[in-house]
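> I'm passing along target-v5.txt; it holds compact mmCIF, C-alpha atoms.
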# COMPACT_ATOMS: atom_id res chain seq x y z
CA ALA S 1 8.33 -8.70 -4.33
CA PRO S 2 5.35 -11.09 -4.33
CA TYR S 3 2.05 -9.62 -3.11
CA PRO S 4 -0.37 -12.47 -2.20
CA GLN S 5 -4.02 -11.39 -1.68
CA TRP S 6 -6.52 -13.05 0.67
CA PRO S 7 -9.84 -11.70 -0.66
CA TYR S 8 -12.17 -12.66 2.19
CA CYS S 9 -13.49 -10.60 5.11
CA ARG S 10 -15.94 -11.39 7.91
CA LYS S 11 -17.74 -8.10 7.30
CA ARG S 12 -17.51 -5.26 4.79
CA CYS S 13 -16.49 -1.92 6.31
CA SER S 14 -18.68 1.10 5.48
CA TYR S 15 -15.89 2.85 3.51
CA CYS S 16 -14.44 -0.12 1.63
CA ASN S 17 -14.55 -0.60 -2.14
CA PHE S 18 -11.71 -3.14 -2.38
CA ASN S 19 -12.10 -6.51 -4.10
CA THR S 20 -13.28 -8.30 -0.95
CA TYR S 21 -15.87 -11.03 -0.35
CA VAL S 22 -17.95 -12.00 2.67
CA VAL S 23 -18.96 -15.65 2.28
CA PRO S 24 -20.49 -18.19 4.70
CA ALA S 25 -17.55 -20.58 4.38
CA VAL S 26 -14.19 -20.60 2.62
CA ASP S 27 -12.62 -23.80 1.27
CA GLU S 28 -9.22 -22.77 2.56
CA ALA S 29 -7.36 -25.83 1.29
CA ALA S 30 -8.55 -25.07 -2.27
CA VAL S 31 -7.65 -21.37 -2.05
CA ARG S 32 -4.26 -22.28 -0.55
CA ALA S 33 -3.48 -24.71 -3.37
CA CYS S 34 -4.34 -22.03 -5.94
CA LEU S 35 -2.30 -19.29 -4.23
CA VAL S 36 0.67 -21.67 -4.13
CA ARG S 37 0.27 -22.68 -7.76
CA GLU S 38 -0.17 -19.13 -9.04
CA ALA S 39 2.83 -17.87 -7.03
CA GLN S 40 4.98 -20.66 -8.55
CA THR S 41 3.73 -19.97 -12.09
CA LEU S 42 4.22 -16.20 -12.00
CA LEU S 43 7.62 -16.36 -10.28
CA ARG S 44 8.84 -18.82 -12.94
CA LEU S 45 7.37 -16.58 -15.63
CA SER S 46 9.23 -13.55 -14.24
CA GLN S 47 12.47 -15.52 -13.83
CA VAL S 48 13.18 -13.43 -10.73
CA HIS S 49 16.22 -14.80 -8.92
CA SER S 50 15.77 -13.22 -5.52
CA VAL S 51 12.81 -11.83 -3.59
CA THR S 52 13.26 -8.80 -1.32
CA SER S 53 9.87 -8.90 0.40
CA VAL S 54 6.49 -10.63 0.58
CA PHE S 55 3.33 -8.78 1.58
CA PHE S 56 0.09 -10.61 2.47
CA GLY S 57 -2.73 -8.14 1.74
CA GLY S 58 -6.46 -8.39 1.31
CA GLY S 59 -9.24 -8.63 2.28
CA THR S 60 -8.25 -9.80 5.72
CA PRO S 61 -5.24 -12.12 5.40
CA SER S 62 -5.16 -12.68 9.19
CA LEU S 63 -8.33 -14.77 8.63
CA ALA S 64 -6.22 -17.25 6.64
CA SER S 65 -4.48 -19.88 8.73
CA PRO S 66 -0.75 -19.75 9.48
CA HIS S 67 -0.57 -23.00 7.48
CA THR S 68 -1.71 -21.14 4.33
CA VAL S 69 0.79 -18.33 4.87
CA GLY S 70 3.57 -20.88 5.42
CA ALA S 71 2.62 -22.80 2.25
CA VAL S 72 2.76 -19.63 0.12
CA LEU S 73 6.15 -18.68 1.59
CA GLU S 74 7.47 -22.18 0.87
CA ALA S 75 6.26 -21.83 -2.72
CA VAL S 76 8.04 -18.47 -3.05
CA ALA S 77 11.25 -19.89 -1.57
CA GLY S 78 11.02 -22.87 -3.93
CA ALA S 79 10.59 -20.76 -7.08
CA ALA S 80 13.09 -17.98 -6.19
CA HIS S 81 15.66 -17.22 -3.52
CA LEU S 82 13.95 -15.91 -0.35
CA PRO S 83 16.79 -14.58 1.83
CA ALA S 84 16.59 -15.24 5.58
CA GLY S 85 16.25 -11.51 6.31
CA ALA S 86 13.56 -10.77 3.70
CA GLU S 87 10.64 -8.73 5.01
CA VAL S 88 7.42 -10.77 5.27
CA THR S 89 4.43 -8.60 6.21
CA LEU S 90 0.90 -9.69 7.06
CA GLU S 91 -2.04 -7.27 7.23
CA ALA S 92 -4.17 -8.05 10.27
CA ASN S 93 -7.45 -6.95 11.80
CA PRO S 94 -7.59 -6.51 15.59
CA SER S 95 -10.54 -8.93 15.66
CA SER S 96 -8.52 -11.83 14.18
CA THR S 97 -5.26 -11.58 16.13
CA SER S 98 -5.24 -13.84 19.17
CA THR S 99 -1.75 -14.36 20.63
CA SER S 100 -1.67 -18.02 19.56
CA ARG S 101 -2.68 -17.07 16.01
CA LEU S 102 -0.02 -14.36 15.81
CA ALA S 103 2.57 -16.79 17.16
CA GLY S 104 1.47 -19.20 14.42
CA PHE S 105 2.06 -16.55 11.76
CA ARG S 106 5.50 -15.81 13.21
CA ALA S 107 6.38 -19.52 13.15
CA ALA S 108 5.21 -19.65 9.50
CA GLY S 109 7.74 -16.94 8.56
CA VAL S 110 5.92 -13.61 9.05
CA ASN S 111 8.27 -11.01 10.59
CA ARG S 112 6.26 -7.79 10.25
CA LEU S 113 2.64 -7.00 11.04
CA SER S 114 0.41 -4.20 9.76
CA ILE S 115 -2.67 -3.77 11.95
CA GLY S 116 -5.80 -2.03 10.69
CA VAL S 117 -6.60 -0.08 13.85
CA GLN S 118 -8.22 2.82 11.86
CA SER S 119 -9.42 4.61 15.03
CA LEU S 120 -9.06 4.41 18.80
CA ASP S 121 -12.59 5.71 19.41
CA ASP S 122 -15.58 3.37 19.63
CA ALA S 123 -18.07 5.78 18.02
CA GLU S 124 -15.71 6.31 15.06
CA LEU S 125 -15.17 2.56 14.72
CA ARG S 126 -18.95 2.01 14.58
CA LEU S 127 -19.26 4.71 11.90
CA LEU S 128 -16.54 2.94 9.88
CA GLY S 129 -18.33 -0.41 10.27
CA ARG S 130 -15.29 -1.99 11.91
CA GLU S 131 -15.69 -5.28 13.80
CA HIS S 132 -13.42 -4.34 16.71
CA THR S 133 -13.58 -1.94 19.65
CA ALA S 134 -10.84 0.52 20.65
CA GLU S 135 -9.96 -1.72 23.59
CA GLU S 136 -9.58 -4.76 21.30
CA ALA S 137 -7.35 -2.69 19.01
CA ARG S 138 -5.10 -1.70 21.93
CA LYS S 139 -4.87 -5.30 23.09
CA ALA S 140 -4.07 -6.55 19.59
CA VAL S 141 -1.27 -4.00 19.10
CA GLU S 142 0.26 -4.79 22.50
CA GLU S 143 0.22 -8.54 21.78
CA ALA S 144 1.65 -7.99 18.31
CA ARG S 145 4.47 -5.82 19.67
CA GLY S 146 5.37 -8.61 22.08
CA LEU S 147 5.82 -11.01 19.16
CA PHE S 148 7.06 -8.56 16.49
CA PRO S 149 8.93 -5.88 18.46
CA GLY S 150 9.88 -2.90 16.29
CA ARG S 151 8.05 -4.52 13.36
CA THR S 152 4.41 -3.75 14.19
CA SER S 153 2.74 -1.02 12.13
CA ILE S 154 -0.66 0.55 12.71
CA ASP S 155 -3.07 2.15 10.20
CA LEU S 156 -5.16 5.17 11.17
CA LEU S 157 -7.86 7.04 9.21
CA PHE S 158 -8.51 10.77 9.43
CA GLY S 159 -11.09 13.13 7.90
CA LEU S 160 -14.09 11.11 9.07
CA PRO S 161 -17.48 12.83 8.65
CA GLY S 162 -17.99 15.10 11.66
CA GLN S 163 -14.45 14.57 13.02
CA SER S 164 -12.95 17.75 14.48
CA ARG S 165 -9.28 18.72 14.48
CA ASP S 166 -9.21 18.37 18.28
CA ALA S 167 -10.69 14.87 18.12
CA TRP S 168 -8.05 13.93 15.53
CA ALA S 169 -5.25 15.36 17.71
CA GLN S 170 -6.55 13.21 20.60
CA ARG S 171 -6.58 10.07 18.40
CA LEU S 172 -2.98 10.82 17.45
CA GLU S 173 -1.92 11.19 21.07
CA SER S 174 -3.60 7.85 21.90
CA ALA S 175 -1.87 6.24 18.93
CA LEU S 176 1.52 7.57 20.01
CA GLY S 177 1.04 5.98 23.42
CA LEU S 178 0.29 2.66 21.78
CA CYS S 179 2.28 2.45 18.57
CA ASP S 180 5.55 0.79 17.69
CA ASP S 181 7.91 2.37 15.11
CA HIS S 182 5.69 2.61 12.03
CA ILE S 183 2.39 4.42 11.40
CA SER S 184 0.38 4.70 8.17
CA LEU S 185 -2.14 7.56 8.00
CA TYR S 186 -4.85 7.61 5.36
CA GLN S 187 -7.34 10.34 4.60
CA LEU S 188 -10.77 8.72 4.38
CA THR S 189 -11.93 8.84 0.77
CA LEU S 190 -15.63 8.50 0.10
CA GLU S 191 -15.77 5.90 -2.67
CA ARG S 192 -18.88 5.49 -4.85
CA GLY S 193 -20.96 2.46 -3.96
CA THR S 194 -19.94 2.39 -0.28
CA VAL S 195 -22.36 2.76 2.65
CA LEU S 196 -20.52 5.81 4.01
CA GLU S 197 -20.52 7.64 0.67
CA ALA S 198 -24.29 7.12 0.36
CA GLN S 199 -24.87 8.53 3.86
CA VAL S 200 -22.80 11.63 3.08
CA ARG S 201 -24.46 12.08 -0.32
CA LYS S 202 -27.94 11.93 1.27
CA GLY S 203 -26.88 14.57 3.80
CA ALA S 204 -27.12 12.19 6.77
CA LEU S 205 -23.42 12.87 7.52
CA PRO S 206 -21.36 16.04 6.91
CA THR S 207 -18.51 16.23 4.38
CA PRO S 208 -15.23 17.29 6.02
CA PRO S 209 -14.10 20.65 4.51
CA GLN S 210 -10.92 20.59 2.42
CA ASP S 211 -9.02 23.09 4.59
CA LEU S 212 -9.77 21.01 7.71
CA LEU S 213 -8.35 17.90 5.98
CA ALA S 214 -5.15 19.80 5.10
CA ASP S 215 -4.96 21.01 8.69
CA MET S 216 -5.36 17.45 10.05
CA TYR S 217 -2.58 16.19 7.79
CA GLN S 218 -0.24 19.00 8.85
CA THR S 219 -1.07 18.38 12.54
CA ALA S 220 -0.25 14.69 12.14
CA ARG S 221 3.06 15.42 10.45
CA THR S 222 4.08 17.93 13.14
CA VAL S 223 3.15 15.59 16.01
CA LEU S 224 4.82 12.51 14.50
CA VAL S 225 8.03 14.26 13.41
CA ALA S 226 8.30 15.72 16.94
CA ALA S 227 7.98 12.14 18.26
CA GLY S 228 11.00 11.03 16.20
CA PHE S 229 9.26 9.70 13.10
CA ARG S 230 10.60 10.24 9.58
CA HIS S 231 7.84 11.20 7.15
CA TYR S 232 9.29 8.99 4.41
CA GLU S 233 6.22 8.76 2.15
CA VAL S 234 2.98 10.72 1.76
CA SER S 235 1.05 8.39 4.12
CA ASN S 236 3.86 6.69 6.02
CA PHE S 237 5.96 7.49 9.05
CA ALA S 238 8.79 5.42 10.56
CA ARG S 239 11.37 5.77 13.31
CA LYS S 240 14.46 3.73 14.19
CA GLY S 241 14.72 2.68 10.54
CA ALA S 242 11.45 0.68 10.61
CA ILE S 243 10.56 1.62 7.01
CA SER S 244 8.39 -0.85 5.06
CA THR S 245 10.81 -2.41 2.55
CA HIS S 246 7.94 -3.81 0.49
CA ASN S 247 6.13 -0.51 0.10
CA LEU S 248 9.35 1.38 -0.57
CA SER S 249 10.22 -1.02 -3.41
CA TYR S 250 6.74 -0.37 -4.87
CA TRP S 251 7.20 3.43 -4.73
CA GLN S 252 10.63 3.04 -6.30
CA ALA S 253 9.01 1.19 -9.22
CA ASP S 254 10.71 -2.17 -8.60
CA GLN S 255 9.05 -5.30 -10.01
CA TYR S 256 6.25 -6.91 -8.01
CA ILE S 257 4.07 -9.95 -8.60
CA GLY S 258 0.40 -9.89 -7.60
CA VAL S 259 -0.96 -13.30 -6.56
CA GLY S 260 -4.63 -13.97 -5.82
CA PRO S 261 -8.03 -12.60 -6.89
CA GLY S 262 -7.83 -9.01 -8.15
CA ALA S 263 -4.11 -8.68 -7.41
CA HIS S 264 -2.05 -6.23 -9.50
CA GLY S 265 1.51 -6.84 -10.71
CA ARG S 266 4.30 -5.12 -12.64
CA PHE S 267 7.02 -7.36 -14.03
CA VAL S 268 8.88 -8.51 -17.14
CA PRO S 269 7.65 -12.00 -18.20
CA ARG S 270 11.12 -13.24 -19.22
CA GLY S 271 9.94 -16.86 -19.17
CA GLU S 272 7.79 -16.09 -22.24
CA GLY S 273 10.64 -14.22 -23.92
CA GLY S 274 9.20 -10.88 -22.76
CA ARG S 275 11.57 -7.89 -22.67
CA SER S 276 9.22 -5.16 -21.47
CA ARG S 277 7.50 -4.57 -18.16
CA GLU S 278 3.84 -5.55 -18.14
CA ALA S 279 0.91 -4.37 -16.02
CA ARG S 280 -1.08 -7.42 -14.93
CA VAL S 281 -4.37 -7.84 -13.07
CA GLN S 282 -5.64 -11.19 -11.81
CA THR S 283 -9.30 -12.24 -12.16
CA LEU S 284 -11.43 -10.52 -9.52
CA ASP S 285 -13.94 -13.18 -8.53
CA PRO S 286 -12.33 -15.86 -6.32
CA VAL S 287 -14.38 -18.74 -7.77
CA ALA S 288 -13.55 -17.82 -11.38
CA TRP S 289 -9.93 -17.14 -10.37
CA MET S 290 -9.57 -20.61 -8.82
CA ARG S 291 -11.05 -22.21 -11.94
CA GLU S 292 -8.44 -20.43 -14.10
CA VAL S 293 -5.52 -21.27 -11.82
CA LYS S 294 -6.49 -24.94 -11.83
CA SER S 295 -6.73 -25.02 -15.62
CA ARG S 296 -3.66 -22.96 -16.63
CA GLY S 297 -1.56 -22.30 -13.55
CA HIS S 298 -2.54 -18.64 -13.11
CA GLY S 299 -5.59 -16.38 -13.25
CA THR S 300 -4.24 -13.36 -15.10
CA ARG S 301 -7.28 -11.52 -16.49
CA SER S 302 -5.46 -8.66 -18.24
CA GLN S 303 -1.87 -7.98 -19.23
CA ALA S 304 -0.58 -4.93 -21.07
CA VAL S 305 2.96 -4.04 -22.10
CA LEU S 306 3.84 -0.65 -20.60
CA SER S 307 5.36 1.79 -23.10
CA PRO S 308 8.56 3.63 -22.08
CA LEU S 309 6.43 6.76 -21.47
CA GLU S 310 3.94 4.85 -19.29
CA GLN S 311 6.82 3.43 -17.23
CA LEU S 312 8.22 6.94 -16.67
CA GLU S 313 4.75 8.22 -15.76
CA GLU S 314 4.48 5.50 -13.11
CA LEU S 315 8.00 6.20 -11.83
CA LEU S 316 7.15 9.90 -11.51
CA THR S 317 3.74 9.37 -9.86
CA LEU S 318 5.06 6.83 -7.33
CA GLY S 319 8.57 8.19 -6.75
CA LEU S 320 7.42 11.70 -5.84
CA ARG S 321 5.41 10.21 -2.96
CA THR S 322 8.65 9.58 -1.04
CA ASP S 323 10.84 12.06 0.83
CA GLU S 324 13.83 10.88 -1.26
CA GLY S 325 11.95 11.45 -4.51
CA ILE S 326 13.42 10.12 -7.77
CA THR S 327 17.18 9.82 -7.86
CA HIS S 328 19.11 10.45 -11.08
CA GLU S 329 20.29 6.83 -11.01
CA ARG S 330 16.75 5.37 -10.77
CA TRP S 331 15.43 7.68 -13.50
CA GLY S 332 18.38 6.69 -15.70
CA ARG S 333 17.41 3.02 -15.41
CA PHE S 334 14.05 3.79 -17.06
CA SER S 335 15.24 6.68 -19.26
CA PRO S 336 18.85 6.21 -20.46
CA GLN S 337 18.48 8.88 -23.19
CA LEU S 338 16.78 11.78 -21.38
CA SER S 339 17.97 12.77 -17.90
CA LEU S 340 15.79 14.31 -15.17
CA GLN S 341 17.56 17.58 -15.96
CA ASP S 342 16.68 17.27 -19.68
CA VAL S 343 13.00 16.71 -18.90
CA PHE S 344 12.34 18.88 -15.84
CA GLY S 345 15.26 21.34 -15.77
CA ALA S 346 14.16 23.22 -18.90
CA PRO S 347 11.80 26.23 -18.67
CA GLY S 348 8.25 25.00 -18.04
CA GLU S 349 5.90 23.67 -15.38
CA ALA S 350 8.55 21.94 -13.24
CA ARG S 351 10.70 25.06 -13.04
CA ALA S 352 7.66 27.14 -12.07
CA LEU S 353 6.81 24.62 -9.33
CA GLN S 354 10.42 24.84 -8.06
CA GLN S 355 10.23 28.65 -7.94
CA GLN S 356 6.94 28.40 -6.03
CA GLY S 357 8.57 26.15 -3.43
CA TRP S 358 6.73 22.89 -4.18
CA LEU S 359 9.52 20.97 -5.91
CA VAL S 360 13.32 20.54 -5.79
CA LEU S 361 15.62 19.41 -8.63
CA ASP S 362 19.26 19.13 -7.58
CA SER S 363 22.20 16.71 -7.48
CA GLY S 364 20.05 14.30 -5.42
CA GLY S 365 17.28 14.12 -8.03
CA LEU S 366 13.69 15.35 -8.24
CA ARG S 367 11.56 15.49 -5.10
CA CYS S 368 8.76 17.40 -3.39
CA THR S 369 9.29 19.84 -0.55
CA TRP S 370 7.15 19.10 2.55
CA ALA S 371 4.63 21.66 1.31
CA GLY S 372 4.62 19.95 -2.11
CA LEU S 373 4.10 16.49 -0.62
CA ALA S 374 0.85 17.69 0.99
CA VAL S 375 -0.55 18.78 -2.40
CA LEU S 376 1.17 16.22 -4.64
CA ASP S 377 -2.02 15.26 -6.52
CA SER S 378 -2.39 18.84 -7.75
CA LEU S 379 1.26 19.00 -8.95
CA LEU S 380 1.28 15.75 -10.94
CA PRO S 381 -0.87 16.80 -13.94
CA ASP S 382 1.56 19.63 -14.79
CA LEU S 383 4.60 17.37 -14.43
CA LEU S 384 3.06 14.55 -16.48
CA TRP S 385 2.14 17.09 -19.19
CA GLN S 386 5.74 18.33 -19.32
CA LEU S 387 7.04 14.73 -19.51
CA GLN S 388 4.59 13.87 -22.33
CA ARG S 389 5.68 16.90 -24.37
CA VAL S 390 9.36 15.96 -24.13
Rewrite the structure from the file as structure tokens, please.

Amino acid sequence: APYPQWPYCRKRCSYCNFNTYVVPAVDEAAVRACLVREAQTLLRLSQVHSVTSVFFGGGTPSLASPHTVGAVLEAVAGAAHLPAGAEVTLEANPSSTSTSRLAGFRAAGVNRLSIGVQSLDDAELRLLGREHTAEEARKAVEEARGLFPGRTSIDLLFGLPGQSRDAWAQRLESALGLCDDHISLYQLTLERGTVLEAQVRKGALPTPPQDLLADMYQTARTVLVAAGFRHYEVSNFARKGAISTHNLSYWQADQYIGVGPGAHGRFVPRGEGGRSREARVQTLDPVAWMREVKSRGHGTRSQAVLSPLEQLEELLTLGLRTDEGITHERWGRFSPQLSLQDVFGAPGEARALQQQGWLVLDSGGLRCTWAGLAVLDSLLPDLLWQLQRV
């Protein structure tokens, strides 16, 4: 699953600490050529035969032209088999989604859209430093649904400073009236170095209490499940089977190839005679990244072979985020010697967590209960410790 990154934004949001750049002008032809070249290089290096999905992330990839998106997809199809039905997702901001632009992306091969709505309240959007208004967000989602029916996802943030549970419940109701068949909900995290974090640290804005955040999450789950959504991953809800194939493959620890400045990847570089999965990160700065791609075909800044234990740690951390959890078959692919039962069925932390109602280990595999999913971060250290001891 290739994951091309467009690192540019028109404005930095108050909560964002991603690898994004606001520049006066972008030489799009140069960036396009480098994205194409790096995608070709890394796909050849991985010797992947078939691609299940492509996800254009960022930054704000909807600021790139449909021509750029089309060129990257052609490169992917030229270096590996890209089946006709493969999921091709583009992340979009409501402020860069005119109907003609969206139609251009669809013509280029995009068949799923993920729109960063974040809130349907103008005061909250101003607090978040978003470029768009609630009305623009509504319009963008409606236009997107016309072009990508059943394949338009929206992102919402909760736990904003000063946000009440009632206000959050209202945002959810508004979102339900607007949304298609997929919603991603993210708790706002106050990252160091962001405008919002500084305001909260100085006491200019209140910190949302932990029990309120848990309450908001539970409210969202109750409301969405009642509306026919399957809570298939910690932050993701889908109905009518509109699950994100790309994200699911990531949580199931399939291989993925990060293309573009600061992109992350996990794959076996078979073209270099590699036999083990590597963790790769591309150069962060776009100018330096382009220089490297032009000189050697890719801008990989760091690559590290993942040990068998590190691979199992990743499988555990990612797999437990889903409602399916980790099946015996998937665990066996990474751990042929020690079964899930061998590692987590013995007396120890995992058994205690099962008895407390957070975790289930049965013929289906290892997974969290709904209660466990809500507190997954607090369960993982115990499980990782048990895995490391075995």
> Find the residue from S:Val343, S:Ala263, S:Leu359, S:Leu120 that sits nearest to S:Arg138; use all atoms listed in the file when measuring.
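Of all the options, S:Leu120 lies closest to S:Arg138.
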> Taking all atoms listed in the file into account, which of S:His132, S:His67, S:Lys294, S:His81 comes nearest S:Gln118?
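Ranked by minimum distance to S:Gln118, first place goes to S:His132.
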> List as a Markdown table every residue of stretch 119-151 of chain S that is in contact with stretch 95-114 of chain S, defined as an atom at most 12 Å from one of its atoms (using only C-alpha atoms), together with the nearest atom pair and the distance in Å rounded to one decimal, sorted by chain and then rising number.

| residue | atom | partner | partner_atom | distance |
| --- | --- | --- | --- | --- |
| S:Arg130 | CA | S:Ser95 | CA | 9.2 |
| S:Glu131 | CA | S:Ser95 | CA | 6.6 |
| S:His132 | CA | S:Ser95 | CA | 5.5 |
| S:Thr133 | CA | S:Ser95 | CA | 8.6 |
| S:Ala134 | CA | S:Ser95 | CA | 10.7 |
| S:Glu135 | CA | S:Ser95 | CA | 10.7 |
| S:Glu136 | CA | S:Ser95 | CA | 7.1 |
| S:Ala137 | CA | S:Ser95 | CA | 7.8 |
| S:Arg138 | CA | S:Ser95 | CA | 11.0 |
| S:Lys139 | CA | S:Thr97 | CA | 9.4 |
| S:Ala140 | CA | S:Thr97 | CA | 6.2 |
| S:Val141 | CA | S:Thr97 | CA | 9.1 |
| S:Glu142 | CA | S:Thr99 | CA | 10.0 |
| S:Glu143 | CA | S:Thr99 | CA | 6.3 |
| S:Ala144 | CA | S:Leu102 | CA | 7.0 |
| S:Arg145 | CA | S:Leu113 | CA | 8.9 |
| S:Gly146 | CA | S:Thr99 | CA | 9.3 |
| S:Leu147 | CA | S:Ala103 | CA | 6.9 |
| S:Phe148 | CA | S:Arg112 | CA | 6.3 |
| S:Pro149 | CA | S:Arg112 | CA | 8.8 |
| S:Gly150 | CA | S:Arg112 | CA | 8.6 |
| S:Arg151 | CA | S:Arg112 | CA | 4.9 |
> Tell me which protein, DNA and RNA residues are within 12 Å of S:Phe267, counting all atoms listed in the file, leaving out same-chain ones fewer than 6 positions away, and put them as a PyMOL selection string.
chain S and resi 1-2+42-48+250+253-258+274-281+303-306+311
> Next, the residues of the selection above should be written as a compact mmCIF listing (two decimals), in the frame of the given file with C-alpha atoms.

# COMPACT_ATOMS: atom_id res chain seq x y z
CA ALA S 1 8.33 -8.70 -4.33
CA PRO S 2 5.35 -11.09 -4.33
CA LEU S 42 4.22 -16.20 -12.00
CA LEU S 43 7.62 -16.36 -10.28
CA ARG S 44 8.84 -18.82 -12.94
CA LEU S 45 7.37 -16.58 -15.63
CA SER S 46 9.23 -13.55 -14.24
CA GLN S 47 12.47 -15.52 -13.83
CA VAL S 48 13.18 -13.43 -10.73
CA TYR S 250 6.74 -0.37 -4.87
CA ALA S 253 9.01 1.19 -9.22
CA ASP S 254 10.71 -2.17 -8.60
CA GLN S 255 9.05 -5.30 -10.01
CA TYR S 256 6.25 -6.91 -8.01
CA ILE S 257 4.07 -9.95 -8.60
CA GLY S 258 0.40 -9.89 -7.60
CA GLY S 274 9.20 -10.88 -22.76
CA ARG S 275 11.57 -7.89 -22.67
CA SER S 276 9.22 -5.16 -21.47
CA ARG S 277 7.50 -4.57 -18.16
CA GLU S 278 3.84 -5.55 -18.14
CA ALA S 279 0.91 -4.37 -16.02
CA ARG S 280 -1.08 -7.42 -14.93
CA VAL S 281 -4.37 -7.84 -13.07
CA GLN S 303 -1.87 -7.98 -19.23
CA ALA S 304 -0.58 -4.93 -21.07
CA VAL S 305 2.96 -4.04 -22.10
CA LEU S 306 3.84 -0.65 -20.60
CA GLN S 311 6.82 3.43 -17.23
> Measure the distance from atom CA of S:Phe18 to atom CA of S:Trp6 in Å and round it to one decimal.
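Result for atom CA of S:Phe18 versus atom CA of S:Trp6: 11.6 Å, one decimal.
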> If you measure from atom CA of S:Leu318 to atom CA of S:Thr222, what distance in Å do you get, rounded to one decimal?
23.3 Å
> Within 8 Å of (6.5, 17.7, -19.1) in the file's own coordinates, which protein, DNA or RNA residues have an atom, counting only C-alpha atoms? List them as an MDAnalysis selection string.
chainID S and resid 343:344 348:350 382:390
> Residues at most 8 Å from S:Leu82, counting all atoms listed in the file, excluding those fewer than 4 positions away in the same chain, as an NGL selection string?
:S and (50-52 or 76-77 or 86)
> Which residues come within 7 Å of stretch 185-201 of chain S, counting all atoms listed in the file, excluding same-chain residues fewer than 6 positions away, as a list in words?
Ser14, Tyr15, Cys16, Asn17, Asp155, Leu156, Leu157, Phe158, Gly159, Leu160, Thr207, Ser235 and Asn236 of chain S
> One decimal, in Å: what's the spacing between atom CA of S:Glu292 and atom CA of S:Ser62?
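It comes out at 24.8 Å.
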> Could you give me, as a ChimeraX atom specification, the residues within 9 Å of S:Ser244, counting all atoms listed in the file and dropping anything in the same chain fewer than 3 positions from it?
/S:87,89,112,182,236,238,247-249
> What's the 12 Å shell around S:Leu361, counting all atoms listed in the file, without same-chain residues fewer than 3 positions away, as number ranges by chain?
S: 320, 324-328, 339-346, 350-355, 357-358, 364-369
